[in-house]
file input24.cif (mmCIF, C-alpha atoms)
data_coords
#
loop_
_atom_site.label_atom_id
_atom_site.label_comp_id
_atom_site.auth_asym_id
_atom_site.auth_seq_id
_atom_site.Cartn_x
_atom_site.Cartn_y
_atom_site.Cartn_z
CA MET A 1 141.53 -195.58 37.46
CA PRO A 2 144.20 -197.74 35.76
CA TRP A 3 144.22 -201.40 36.61
CA ALA A 4 147.20 -203.18 38.09
CA GLU A 5 149.04 -205.59 35.79
CA VAL A 6 147.15 -204.84 32.59
CA TYR A 7 148.14 -206.66 29.41
CA VAL A 8 146.90 -206.61 25.82
CA ARG A 9 145.02 -209.83 25.10
CA HIS A 10 144.03 -209.02 21.54
CA LEU A 11 145.18 -206.35 19.08
CA GLN A 12 143.34 -205.29 15.93
CA LEU A 13 144.54 -202.65 13.50
CA GLY A 14 142.96 -201.12 10.43
CA SER A 15 144.96 -198.99 7.96
CA PHE A 16 147.56 -198.35 10.66
CA ARG A 17 151.00 -197.50 9.32
CA SER A 18 151.98 -200.21 6.80
CA TRP A 19 149.22 -202.59 7.88
CA GLU A 20 145.92 -202.83 6.05
CA ARG A 21 144.51 -205.21 8.64
CA VAL A 22 145.81 -206.95 11.78
CA ASP A 23 144.01 -209.36 14.09
CA LEU A 24 146.49 -210.73 16.59
CA ALA A 25 146.10 -212.65 19.84
CA LEU A 26 148.62 -211.79 22.55
CA GLY A 27 149.22 -212.92 26.11
CA PRO A 28 151.08 -212.11 29.32
CA GLY A 29 154.81 -212.61 29.57
CA PRO A 30 157.27 -211.99 26.71
CA THR A 31 156.28 -211.99 23.04
CA VAL A 32 158.91 -211.52 20.33
CA PHE A 33 158.03 -210.00 16.95
CA VAL A 34 160.63 -211.32 14.50
CA GLY A 35 161.18 -210.18 10.93
CA ARG A 36 163.49 -208.34 8.61
CA ASN A 37 163.72 -204.57 8.80
CA GLY A 38 160.91 -202.80 6.98
CA GLU A 39 158.36 -205.59 7.42
CA GLY A 40 156.26 -203.73 10.03
CA LYS A 41 157.37 -205.16 13.40
CA THR A 42 157.79 -201.75 15.00
CA ASN A 43 154.41 -200.62 13.66
CA LEU A 44 152.72 -203.37 15.69
CA VAL A 45 154.26 -202.42 19.03
CA GLU A 46 153.93 -198.74 18.16
CA ALA A 47 150.16 -199.27 18.13
CA VAL A 48 150.28 -200.57 21.71
CA GLY A 49 152.30 -197.54 22.73
CA TYR A 50 149.71 -195.31 21.05
CA LEU A 51 147.07 -196.72 23.39
CA ALA A 52 149.04 -195.32 26.32
CA THR A 53 150.17 -191.91 25.07
CA MET A 54 148.02 -191.22 21.98
CA SER A 55 151.28 -190.37 20.23
CA SER A 56 154.16 -192.14 18.52
CA HIS A 57 157.75 -192.48 19.67
CA ARG A 58 158.85 -192.11 16.05
CA VAL A 59 156.94 -189.13 14.62
CA SER A 60 155.36 -185.99 16.06
CA SER A 61 152.02 -185.99 14.23
CA ASP A 62 149.18 -188.40 13.53
CA ALA A 63 149.29 -188.21 9.72
CA PRO A 64 152.02 -190.90 9.34
CA MET A 65 149.91 -193.25 11.50
CA VAL A 66 147.43 -193.69 8.63
CA ARG A 67 148.24 -196.10 5.82
CA HIS A 68 149.06 -194.37 2.55
CA GLY A 69 145.91 -193.76 0.53
CA ASP A 70 143.51 -194.11 3.47
CA SER A 71 141.87 -191.33 5.48
CA GLN A 72 141.59 -193.02 8.87
CA ALA A 73 143.38 -195.59 11.01
CA VAL A 74 141.89 -197.74 13.78
CA VAL A 75 143.61 -199.24 16.81
CA ARG A 76 141.45 -201.65 18.82
CA ALA A 77 142.67 -203.61 21.83
CA ALA A 78 141.15 -205.97 24.36
CA LEU A 79 142.88 -205.36 27.70
CA ARG A 80 142.93 -207.93 30.44
CA SER A 81 143.50 -207.66 34.19
CA GLY A 82 142.61 -210.74 36.22
CA ASP A 83 139.11 -211.75 35.18
CA ARG A 84 138.19 -208.27 33.92
CA GLU A 85 138.37 -207.08 30.33
CA LEU A 86 138.18 -203.70 28.67
CA LEU A 87 137.82 -202.91 24.96
CA VAL A 88 139.55 -199.73 23.79
CA GLU A 89 139.06 -198.35 20.26
CA ILE A 90 140.84 -195.33 18.79
CA GLU A 91 139.99 -193.75 15.45
CA ILE A 92 142.93 -191.69 14.20
CA ASN A 93 141.72 -188.87 11.95
CA PRO A 94 144.55 -186.59 10.78
CA GLY A 95 143.36 -183.01 10.47
CA ARG A 96 140.22 -183.81 12.46
CA ALA A 97 139.47 -184.84 16.01
CA ASN A 98 140.38 -188.40 16.96
CA ARG A 99 137.62 -190.49 18.51
CA VAL A 100 137.98 -192.90 21.43
CA ARG A 101 135.55 -195.51 22.70
CA VAL A 102 135.85 -197.66 25.81
CA ASN A 103 133.57 -200.70 25.95
CA ARG A 104 131.74 -199.23 22.92
CA GLY A 105 130.97 -195.98 24.79
CA PRO A 106 132.52 -192.75 23.42
CA LEU A 107 134.80 -190.65 25.61
CA PRO A 108 133.90 -186.93 25.47
CA ARG A 109 137.61 -186.04 25.29
CA PRO A 110 140.17 -188.47 23.83
CA ARG A 111 142.70 -187.50 26.51
CA GLU A 112 140.46 -189.19 29.11
CA LEU A 113 142.05 -192.43 27.85
CA LEU A 114 145.48 -191.37 29.14
CA GLY A 115 146.60 -193.30 32.21
CA LEU A 116 144.33 -196.26 31.52
CA VAL A 117 147.10 -198.18 29.78
CA ARG A 118 150.66 -197.70 30.98
CA THR A 119 153.64 -198.57 28.81
CA VAL A 120 157.39 -198.08 29.02
CA LEU A 121 159.05 -198.14 25.62
CA PHE A 122 162.78 -198.43 25.00
CA ALA A 123 163.98 -197.88 21.43
CA PRO A 124 167.15 -196.73 19.65
CA GLU A 125 165.58 -193.26 19.38
CA ASP A 126 165.90 -192.95 23.16
CA LEU A 127 169.56 -192.10 22.81
CA ALA A 128 168.21 -188.61 22.03
CA LEU A 129 167.13 -188.35 25.67
CA VAL A 130 170.80 -188.01 26.53
CA ARG A 131 172.29 -186.51 23.37
CA GLY A 132 169.35 -184.70 21.77
CA ASP A 133 167.84 -181.27 22.28
CA PRO A 134 165.66 -180.25 25.26
CA THR A 135 162.43 -180.95 23.35
CA GLU A 136 163.04 -184.70 23.70
CA ARG A 137 163.55 -184.51 27.43
CA ARG A 138 160.56 -182.21 28.02
CA ARG A 139 158.39 -184.65 26.12
CA PHE A 140 159.73 -187.55 28.18
CA LEU A 141 158.94 -185.72 31.42
CA ASP A 142 155.45 -184.62 30.41
CA GLU A 143 154.38 -187.99 29.02
CA LEU A 144 155.48 -189.66 32.25
CA LEU A 145 153.67 -186.97 34.25
CA VAL A 146 150.43 -187.66 32.42
CA THR A 147 150.88 -191.43 32.76
CA ARG A 148 151.14 -191.08 36.55
CA THR A 149 148.61 -188.25 36.96
CA PRO A 150 146.20 -188.15 33.99
CA ARG A 151 144.57 -184.85 35.07
CA LEU A 152 147.85 -183.12 34.18
CA ALA A 153 147.02 -183.74 30.52
CA GLY A 154 144.50 -180.92 30.90
CA VAL A 155 147.04 -178.62 32.55
CA ARG A 156 149.58 -179.34 29.82
CA SER A 157 146.98 -178.76 27.08
CA ASP A 158 145.78 -175.53 28.68
CA TYR A 159 149.36 -174.27 29.03
CA ASP A 160 150.08 -174.98 25.35
CA ARG A 161 146.84 -173.25 24.30
CA VAL A 162 147.56 -170.12 26.36
CA LEU A 163 151.17 -170.08 25.18
CA LYS A 164 150.08 -170.12 21.55
CA GLN A 165 147.60 -167.29 22.09
CA ARG A 166 150.07 -165.24 24.11
CA ASN A 167 152.74 -165.61 21.41
CA ALA A 168 150.25 -164.41 18.81
CA LEU A 169 149.47 -161.39 20.97
CA LEU A 170 153.16 -160.61 21.51
CA LYS A 171 153.69 -160.47 17.75
CA THR A 172 150.95 -157.85 17.35
CA ALA A 173 151.88 -155.99 20.53
CA ARG A 174 155.20 -154.95 19.01
CA LEU A 175 153.27 -152.61 16.71
CA ALA A 176 150.36 -151.51 18.92
CA ARG A 177 151.44 -151.50 22.54
CA GLY A 178 148.56 -149.69 24.31
CA LYS A 179 145.56 -151.98 24.67
CA ALA A 180 147.59 -155.01 23.65
CA ILE A 181 149.71 -154.63 26.78
CA GLU A 182 146.59 -154.63 28.99
CA THR A 183 145.38 -157.82 27.31
CA LEU A 184 148.84 -159.32 27.76
CA ASP A 185 148.53 -158.91 31.53
CA VAL A 186 145.43 -161.12 31.49
CA TRP A 187 147.22 -163.84 29.51
CA ASP A 188 150.17 -163.59 31.89
CA GLY A 189 147.88 -164.68 34.70
CA HIS A 190 146.65 -167.72 32.79
CA LEU A 191 150.13 -168.69 31.60
CA THR A 192 151.73 -168.46 35.03
CA ASP A 193 148.88 -170.35 36.70
CA PHE A 194 149.21 -173.35 34.39
CA GLY A 195 152.99 -172.94 34.21
CA GLY A 196 153.37 -173.03 37.99
CA GLN A 197 151.34 -176.26 38.18
CA LEU A 198 153.39 -177.86 35.41
CA LEU A 199 156.70 -176.79 36.97
CA ALA A 200 155.72 -178.15 40.40
CA ALA A 201 154.68 -181.48 38.86
CA ARG A 202 157.92 -181.77 36.88
CA LEU A 203 160.06 -181.05 39.93
CA GLN A 204 158.22 -183.65 42.00
CA LEU A 205 158.57 -186.20 39.21
CA ILE A 206 162.31 -185.59 38.97
CA ALA A 207 162.67 -186.01 42.74
CA ASP A 208 160.74 -189.31 42.54
CA LEU A 209 162.63 -190.59 39.49
CA ALA A 210 166.19 -189.63 40.48
CA PRO A 211 166.89 -192.42 43.01
CA HIS A 212 165.55 -195.02 40.58
CA LEU A 213 167.92 -193.70 37.89
CA SER A 214 170.92 -193.86 40.22
CA GLU A 215 170.13 -197.47 41.08
CA ALA A 216 169.34 -198.52 37.50
CA TYR A 217 172.46 -196.92 36.06
CA ALA A 218 174.66 -198.54 38.69
CA GLY A 219 173.17 -201.91 37.76
CA VAL A 220 173.72 -201.36 34.05
CA ALA A 221 177.15 -199.69 34.12
CA GLY A 222 178.69 -201.93 36.77
CA VAL A 223 181.14 -201.49 39.62
CA GLY A 224 183.19 -198.31 39.59
CA ALA A 225 180.86 -196.36 37.30
CA ALA A 226 180.10 -192.71 37.99
CA VAL A 227 176.85 -191.85 39.77
CA ALA A 228 173.90 -190.83 37.58
CA ALA A 229 171.62 -188.05 38.83
CA LEU A 230 168.95 -185.64 37.60
CA GLY A 231 168.52 -181.88 37.74
CA TYR A 232 166.29 -179.25 36.17
CA THR A 233 167.28 -176.01 34.51
CA SER A 234 164.59 -173.38 34.16
CA THR A 235 163.86 -169.92 32.85
CA VAL A 236 162.27 -169.44 36.29
CA PRO A 237 165.28 -169.38 38.67
CA LEU A 238 163.28 -170.74 41.62
CA ALA A 239 162.55 -173.95 39.64
CA GLY A 240 166.18 -174.94 39.20
CA ASP A 241 169.59 -174.09 37.84
CA GLY A 242 170.49 -177.53 36.53
CA THR A 243 172.30 -178.86 39.60
CA ALA A 244 171.46 -182.38 40.71
CA VAL A 245 168.48 -182.71 43.04
CA VAL A 246 169.23 -183.44 46.67
CA PRO A 247 167.16 -186.33 48.08
CA GLY A 248 164.59 -185.10 50.57
CA ALA A 249 165.16 -181.42 49.80
CA PRO A 250 161.92 -179.38 49.93
CA ALA A 251 160.55 -178.28 46.58
CA PRO A 252 158.73 -175.00 45.89
CA SER A 253 154.95 -175.19 45.69
CA ALA A 254 152.88 -174.53 42.59
CA GLY A 255 151.80 -171.20 44.08
CA GLU A 256 155.38 -170.13 44.76
CA LEU A 257 156.41 -171.13 41.24
CA THR A 258 153.47 -169.24 39.72
CA ALA A 259 154.51 -166.08 41.59
CA ALA A 260 158.16 -166.51 40.62
CA MET A 261 157.23 -167.10 36.98
CA ARG A 262 155.06 -163.98 36.91
CA GLU A 263 157.88 -161.91 38.38
CA ARG A 264 160.35 -163.24 35.83
CA ILE A 265 157.94 -162.54 32.95
CA GLY A 266 157.70 -158.96 34.19
CA GLU A 267 161.47 -158.69 34.09
CA ARG A 268 161.61 -160.04 30.54
CA ARG A 269 158.61 -158.10 29.20
CA GLY A 270 160.70 -155.78 27.04
CA ASP A 271 162.66 -158.67 25.52
CA GLU A 272 159.46 -160.57 24.80
CA LEU A 273 157.88 -157.60 23.04
CA ASP A 274 161.02 -157.07 20.98
CA ARG A 275 161.20 -160.72 19.93
CA GLY A 276 157.45 -161.38 19.70
CA MET A 277 157.58 -164.60 21.71
CA THR A 278 157.27 -165.97 25.25
CA LEU A 279 160.74 -166.38 26.75
CA VAL A 280 159.81 -167.63 30.24
CA GLY A 281 158.10 -170.88 31.19
CA PRO A 282 158.36 -174.67 31.21
CA HIS A 283 158.29 -174.77 27.39
CA ARG A 284 161.90 -173.48 27.45
CA ASP A 285 163.24 -175.60 30.33
CA ASP A 286 165.33 -178.77 30.31
CA LEU A 287 165.86 -181.98 32.25
CA VAL A 288 169.57 -182.25 33.06
CA ILE A 289 171.06 -185.74 33.25
CA HIS A 290 174.24 -185.82 35.31
CA LEU A 291 177.01 -188.39 35.19
CA GLY A 292 179.38 -187.81 38.05
CA PRO A 293 180.16 -184.08 38.43
CA SER A 294 179.22 -183.11 34.85
CA PRO A 295 176.08 -182.99 32.69
CA ALA A 296 176.01 -186.10 30.50
CA LYS A 297 175.27 -184.19 27.30
CA GLY A 298 178.58 -183.32 25.72
CA PHE A 299 180.62 -185.35 28.21
CA ALA A 300 179.28 -188.93 28.26
CA SER A 301 180.80 -191.45 25.87
CA HIS A 302 178.62 -193.38 23.44
CA GLY A 303 178.51 -196.37 25.79
CA GLU A 304 177.73 -194.20 28.80
CA SER A 305 174.96 -192.44 26.85
CA TRP A 306 173.39 -195.79 25.98
CA SER A 307 173.59 -196.85 29.63
CA LEU A 308 171.95 -193.61 30.73
CA ALA A 309 169.15 -193.95 28.17
CA LEU A 310 168.54 -197.53 29.29
CA GLY A 311 168.80 -196.47 32.93
CA LEU A 312 166.14 -193.79 32.42
CA LYS A 313 163.71 -196.33 30.99
CA LEU A 314 164.45 -198.92 33.69
CA ALA A 315 163.96 -196.15 36.27
CA THR A 316 160.64 -195.23 34.67
CA PHE A 317 159.52 -198.86 34.86
CA ALA A 318 160.55 -199.08 38.53
CA LEU A 319 158.76 -195.82 39.34
CA LEU A 320 155.48 -196.92 37.73
CA ARG A 321 155.75 -200.35 39.31
CA GLY A 322 156.29 -198.64 42.65
CA ASP A 323 152.99 -196.83 42.11
CA GLY A 324 151.36 -200.26 42.22
CA GLU A 325 150.73 -200.77 38.51
CA ASP A 326 152.91 -202.92 36.29
CA PRO A 327 153.33 -201.18 32.91
CA ILE A 328 153.59 -203.02 29.60
CA LEU A 329 157.26 -203.07 28.60
CA ILE A 330 157.99 -202.50 24.89
CA LEU A 331 161.52 -203.14 23.63
CA ASP A 332 161.91 -202.05 20.03
CA ASP A 333 164.99 -203.45 18.29
CA VAL A 334 167.38 -202.75 21.17
CA PHE A 335 168.98 -206.07 22.15
CA ALA A 336 171.21 -206.17 19.06
CA THR A 337 172.75 -202.83 20.07
CA LEU A 338 173.50 -203.71 23.73
CA ASP A 339 176.54 -205.41 25.21
CA ALA A 340 176.24 -208.43 27.50
CA GLU A 341 175.99 -206.44 30.75
CA ARG A 342 173.26 -204.12 29.46
CA ARG A 343 171.38 -207.03 27.85
CA ALA A 344 171.38 -208.90 31.16
CA ALA A 345 170.09 -205.89 33.11
CA LEU A 346 167.29 -205.29 30.61
CA ALA A 347 166.40 -208.98 30.37
CA ALA A 348 166.02 -209.25 34.15
CA VAL A 349 163.39 -206.48 34.18
CA ALA A 350 161.73 -207.70 30.98
CA GLY A 351 161.33 -211.19 32.40
CA SER A 352 159.57 -209.84 35.48
CA ALA A 353 157.04 -207.65 33.66
CA GLU A 354 153.41 -208.67 33.29
CA GLN A 355 153.74 -208.26 29.52
CA THR A 356 156.82 -207.55 27.42
CA LEU A 357 156.67 -206.95 23.67
CA ILE A 358 160.00 -207.26 21.88
CA THR A 359 160.97 -206.64 18.25
CA ALA A 360 164.06 -208.15 16.66
CA ALA A 361 165.35 -208.78 13.16
CA VAL A 362 166.87 -212.09 14.31
CA LEU A 363 165.56 -214.26 17.14
CA ASP A 364 169.11 -214.98 18.32
CA ASP A 365 169.44 -211.28 19.26
CA VAL A 366 166.89 -211.82 22.04
CA PRO A 367 168.04 -213.42 25.31
CA GLU A 368 166.89 -217.02 25.45
CA GLU A 369 164.86 -216.52 28.63
CA LEU A 370 162.66 -213.99 26.80
CA ARG A 371 161.83 -216.16 23.80
CA GLY A 372 158.27 -216.93 24.84
CA ALA A 373 155.53 -216.54 22.27
CA ARG A 374 156.74 -215.51 18.83
CA VAL A 375 155.09 -213.52 16.05
CA GLU A 376 156.76 -213.95 12.67
CA VAL A 377 156.38 -210.80 10.59
CA GLY A 378 156.98 -210.70 6.84
CA GLY A 379 155.39 -210.40 3.43
CA GLY A 380 152.46 -208.43 4.79
CA PHE A 381 151.56 -211.07 7.36
CA ALA A 382 152.08 -211.50 11.10
CA VAL A 383 151.74 -215.10 12.28
CA LEU A 384 151.66 -216.17 15.92
CA VAL A 385 153.86 -219.21 16.54
CA LYS A 386 153.32 -221.50 19.52
CA ASP A 387 155.51 -224.41 20.50
CA GLY A 388 157.28 -224.37 17.17
CA ALA A 389 154.13 -224.52 15.05
CA ALA A 390 152.12 -221.75 13.41
CA ALA A 391 148.94 -220.99 15.35
CA GLY A 392 147.11 -219.91 12.23
CA GLN A 393 147.35 -216.73 10.25
CA GLU A 394 146.65 -214.07 12.84
CA ALA A 395 147.21 -210.93 10.82
CA SER A 396 147.42 -209.56 7.33
#
call {"tool": "encode", "arguments": {"input": "input24.cif", "output": "structure tokens"}}
result
Amino acid sequence: MPWAEVYVRHLQLGSFRSWERVDLALGPGPTVFVGRNGEGKTNLVEAVGYLATMSSHRVSSDAPMVRHGDSQAVVRAALRSGDRELLVEIEINPGRANRVRVNRGPLPRPRELLGLVRTVLFAPEDLALVRGDPTERRRFLDELLVTRTPRLAGVRSDYDRVLKQRNALLKTARLARGKAIETLDVWDGHLTDFGGQLLAARLQLIADLAPHLSEAYAGVAGVGAAVAALGYTSTVPLAGDGTAVVPGAPAPSAGELTAAMRERIGERRGDELDRGMTLVGPHRDDLVIHLGPSPAKGFASHGESWSLALGLKLATFALLRGDGEDPILILDDVFATLDAERRAALAAVAGSAEQTLITAAVLDDVPEELRGARVEVGGGFAVLVKDGAAAGQEAS
């Protein structure tokens, strides 16, 4: 089970991104990583995010995580909660299985680490949650699902595995329909079972997150702003048509969604055989962000899109905090892009978090109340500064 109010006390990296070696002490409260662009600030906080999701917010594969010329990267962190401590070590092995150890003991499956560390990361890339394609929003939903309910990592993995195998079968079934069709029926059962569970979990998450988004957006956008809401559009009609969720409205069960998905797959069987791909399921769905009466994508201004992206992350933080566990807040180079009202809203949450890690090219970009500990990053070094004086070379 995750601990409440976990923070990273010590971070060590080996051959991670641009860093050959890092050995850095951290503490609760805000820490600002300051340095020019390209010096490796984001790589440091990216490593903390990797502890939580075993993925990066910047790239889709593990290969870029490993320093050029090396075959393996290591992320090691001492986590603190009260008087308890936990050592987590991840070996990143592109093209091979990653390995995870907790307190020196190996985990049989790396995904067992998920949920142990909870982070909420806000970065310029998050504008894609509002303006980007559905892939970004599906990833956001599923990573938050797994953070809250780690067992869903298995459901998500099983769904992806079955989907891949079913797509391969559909490609061959176009040419030889007889026995292939019988086999396809078996895979339909597996796909709809996992798909129904994933759909039910997504719908519940959206219902839980929606009121937090409405409140967060109102706080960021100010008086008179339109109301922000969430909906879900699905290839399974029962799961949603994109309209905003109604608070307290009953949601279909996993069993009902499984049955509805199976029926819809039956209706689309001919199309799937013709195209050689699975056309029904959560892998083709989308989270719909509403602003007033319209979907935000295509209608929201640049400023409104930024407010919605920030609102989503503040809502995520509030949701996880409401679960009883304060996540680590990571703010990657965002304060310079925000106006005064948005900066103030973000700073208020950041100041209340158990641990906040902030990157900035210039210290003046960071609100004064968040300028706690400082790590100066440059020239291949990261140096922790305390009370105006260097605390020794902490990284290289």
call {"tool": "closest_residue", "arguments": {"input": "input24.cif", "among": "A:Ala221, A:Val334, A:Leu312, A:Val349", "to": "Val366 in chain A", "atoms": "all atoms listed in the file"}}
result
A:Val334
call {"tool": "closest_residue", "arguments": {"input": "input24.cif", "among": "A:Thr149, A:Asn98, A:Thr135, A:Ser55", "to": "Gly115 in chain A", "atoms": "only C-alpha atoms"}}
result
A:Thr149
call {"tool": "resolve_selection", "arguments": {"input": "input24.cif", "expression": "the PyMOL selection byres ((chain A and resi 124) around 9)", "output": "number ranges by chain"}}
result
A: 122-123, 125-128, 306, 332-334, 337
call {"tool": "resolve_selection", "arguments": {"input": "input24.cif", "expression": "the PyMOL selection byres ((chain A and resi 187-202) around 9)", "output": "VMD selection string"}}
result
chain A and resid 141 to 142 145 152 155 to 156 158 to 160 162 to 163 165 to 166 183 to 186 203 to 207 232 239 251 to 262 265 281 to 283
call {"tool": "resolve_selection", "arguments": {"input": "input24.cif", "expression": "the PyMOL selection byres ((chain A and resi 77) around 7)", "output": "ChimeraX atom specification"}}
result
/A:8,10-12,75-76,78-79,87-89
call {"tool": "write_last_selection", "arguments": {"input": "input24.cif", "atoms": "C-alpha atoms", "output": "PDB file, keeping the file's coordinate frame"}}
result
ATOM      1  CA  VAL A   8     146.900-206.610  25.820  1.00  0.00           C
ATOM      2  CA  HIS A  10     144.030-209.020  21.540  1.00  0.00           C
ATOM      3  CA  LEU A  11     145.180-206.350  19.080  1.00  0.00           C
ATOM      4  CA  GLN A  12     143.340-205.290  15.930  1.00  0.00           C
ATOM      5  CA  VAL A  75     143.610-199.240  16.810  1.00  0.00           C
ATOM      6  CA  ARG A  76     141.450-201.650  18.820  1.00  0.00           C
ATOM      7  CA  ALA A  78     141.150-205.970  24.360  1.00  0.00           C
ATOM      8  CA  LEU A  79     142.880-205.360  27.700  1.00  0.00           C
ATOM      9  CA  LEU A  87     137.820-202.910  24.960  1.00  0.00           C
ATOM     10  CA  VAL A  88     139.550-199.730  23.790  1.00  0.00           C
ATOM     11  CA  GLU A  89     139.060-198.350  20.260  1.00  0.00           C
TER      12      GLU A  89
END
call {"tool": "build_atoms", "arguments": {"input": "input24.cif", "residues": "range 16-23 of chain A", "atoms": "all heavy atoms", "output": "PDB file, in the coordinates of the input"}}
result
ATOM      1  N   PHE A  16     146.588-198.954   9.747  1.00  0.00           N
ATOM      2  CA  PHE A  16     147.560-198.350  10.660  1.00  0.00           C
ATOM      3  C   PHE A  16     148.967-198.563  10.122  1.00  0.00           C
ATOM      4  O   PHE A  16     149.403-199.706   9.919  1.00  0.00           O
ATOM      5  CB  PHE A  16     147.435-198.958  12.058  1.00  0.00           C
ATOM      6  CG  PHE A  16     148.355-198.336  13.081  1.00  0.00           C
ATOM      7  CD1 PHE A  16     147.971-197.194  13.769  1.00  0.00           C
ATOM      8  CD2 PHE A  16     149.607-198.874  13.340  1.00  0.00           C
ATOM      9  CE1 PHE A  16     148.813-196.605  14.706  1.00  0.00           C
ATOM     10  CE2 PHE A  16     150.453-198.302  14.277  1.00  0.00           C
ATOM     11  CZ  PHE A  16     150.062-197.161  14.961  1.00  0.00           C
ATOM     12  N   ARG A  17     149.646-197.446   9.856  1.00  0.00           N
ATOM     13  CA  ARG A  17     151.000-197.500   9.320  1.00  0.00           C
ATOM     14  C   ARG A  17     151.025-198.357   8.038  1.00  0.00           C
ATOM     15  O   ARG A  17     150.287-198.090   7.123  1.00  0.00           O
ATOM     16  CB  ARG A  17     151.961-198.046  10.363  1.00  0.00           C
ATOM     17  CG  ARG A  17     152.343-197.034  11.443  1.00  0.00           C
ATOM     18  CD  ARG A  17     153.262-195.968  10.888  1.00  0.00           C
ATOM     19  NE  ARG A  17     154.036-195.308  11.927  1.00  0.00           N
ATOM     20  CZ  ARG A  17     154.983-194.409  11.674  1.00  0.00           C
ATOM     21  NH1 ARG A  17     155.237-194.051  10.432  1.00  0.00           N
ATOM     22  NH2 ARG A  17     155.651-193.832  12.647  1.00  0.00           N
ATOM     23  N   SER A  18     151.865-199.391   8.001  1.00  0.00           N
ATOM     24  CA  SER A  18     151.980-200.210   6.800  1.00  0.00           C
ATOM     25  C   SER A  18     150.926-201.309   6.728  1.00  0.00           C
ATOM     26  O   SER A  18     150.817-201.996   5.710  1.00  0.00           O
ATOM     27  CB  SER A  18     153.371-200.854   6.749  1.00  0.00           C
ATOM     28  OG  SER A  18     153.578-201.694   7.883  1.00  0.00           O
ATOM     29  N   TRP A  19     150.127-201.467   7.795  1.00  0.00           N
ATOM     30  CA  TRP A  19     149.220-202.590   7.880  1.00  0.00           C
ATOM     31  C   TRP A  19     147.811-202.223   7.413  1.00  0.00           C
ATOM     32  O   TRP A  19     147.206-201.295   7.920  1.00  0.00           O
ATOM     33  CB  TRP A  19     149.144-203.116   9.313  1.00  0.00           C
ATOM     34  CG  TRP A  19     150.437-203.702   9.783  1.00  0.00           C
ATOM     35  CD1 TRP A  19     151.428-203.085  10.486  1.00  0.00           C
ATOM     36  CD2 TRP A  19     150.899-205.034   9.548  1.00  0.00           C
ATOM     37  NE1 TRP A  19     152.470-203.935  10.705  1.00  0.00           N
ATOM     38  CE2 TRP A  19     152.175-205.150  10.145  1.00  0.00           C
ATOM     39  CE3 TRP A  19     150.351-206.135   8.893  1.00  0.00           C
ATOM     40  CZ2 TRP A  19     152.915-206.325  10.098  1.00  0.00           C
ATOM     41  CZ3 TRP A  19     151.082-207.314   8.852  1.00  0.00           C
ATOM     42  CH2 TRP A  19     152.350-207.396   9.452  1.00  0.00           C
ATOM     43  N   GLU A  20     147.309-203.004   6.464  1.00  0.00           N
ATOM     44  CA  GLU A  20     145.920-202.830   6.050  1.00  0.00           C
ATOM     45  C   GLU A  20     144.982-203.398   7.111  1.00  0.00           C
ATOM     46  O   GLU A  20     143.968-202.792   7.453  1.00  0.00           O
ATOM     47  CB  GLU A  20     145.659-203.538   4.716  1.00  0.00           C
ATOM     48  CG  GLU A  20     144.225-203.426   4.239  1.00  0.00           C
ATOM     49  CD  GLU A  20     143.988-204.158   2.939  1.00  0.00           C
ATOM     50  OE1 GLU A  20     144.926-204.790   2.418  1.00  0.00           O
ATOM     51  OE2 GLU A  20     142.844-204.106   2.435  1.00  0.00           O
ATOM     52  N   ARG A  21     145.350-204.571   7.629  1.00  0.00           N
ATOM     53  CA  ARG A  21     144.510-205.210   8.640  1.00  0.00           C
ATOM     54  C   ARG A  21     145.371-206.108   9.519  1.00  0.00           C
ATOM     55  O   ARG A  21     146.248-206.819   9.033  1.00  0.00           O
ATOM     56  CB  ARG A  21     143.409-206.047   7.974  1.00  0.00           C
ATOM     57  CG  ARG A  21     142.406-206.645   8.942  1.00  0.00           C
ATOM     58  CD  ARG A  21     141.321-207.444   8.219  1.00  0.00           C
ATOM     59  NE  ARG A  21     141.846-208.687   7.644  1.00  0.00           N
ATOM     60  CZ  ARG A  21     142.101-208.879   6.367  1.00  0.00           C
ATOM     61  NH1 ARG A  21     141.914-207.877   5.501  1.00  0.00           N
ATOM     62  NH2 ARG A  21     142.565-210.032   5.914  1.00  0.00           N
ATOM     63  N   VAL A  22     145.136-206.076  10.824  1.00  0.00           N
ATOM     64  CA  VAL A  22     145.810-206.950  11.780  1.00  0.00           C
ATOM     65  C   VAL A  22     144.789-207.471  12.766  1.00  0.00           C
ATOM     66  O   VAL A  22     143.942-206.719  13.240  1.00  0.00           O
ATOM     67  CB  VAL A  22     146.932-206.197  12.544  1.00  0.00           C
ATOM     68  CG1 VAL A  22     147.490-207.068  13.670  1.00  0.00           C
ATOM     69  CG2 VAL A  22     148.054-205.782  11.619  1.00  0.00           C
ATOM     70  N   ASP A  23     144.868-208.753  13.065  1.00  0.00           N
ATOM     71  CA  ASP A  23     144.010-209.360  14.090  1.00  0.00           C
ATOM     72  C   ASP A  23     144.886-210.386  14.808  1.00  0.00           C
ATOM     73  O   ASP A  23     145.104-211.491  14.323  1.00  0.00           O
ATOM     74  CB  ASP A  23     142.798-210.039  13.443  1.00  0.00           C
ATOM     75  CG  ASP A  23     141.747-210.446  14.460  1.00  0.00           C
ATOM     76  OD1 ASP A  23     142.124-210.691  15.619  1.00  0.00           O
ATOM     77  OD2 ASP A  23     140.560-210.512  14.104  1.00  0.00           O
TER      78      ASP A  23
END
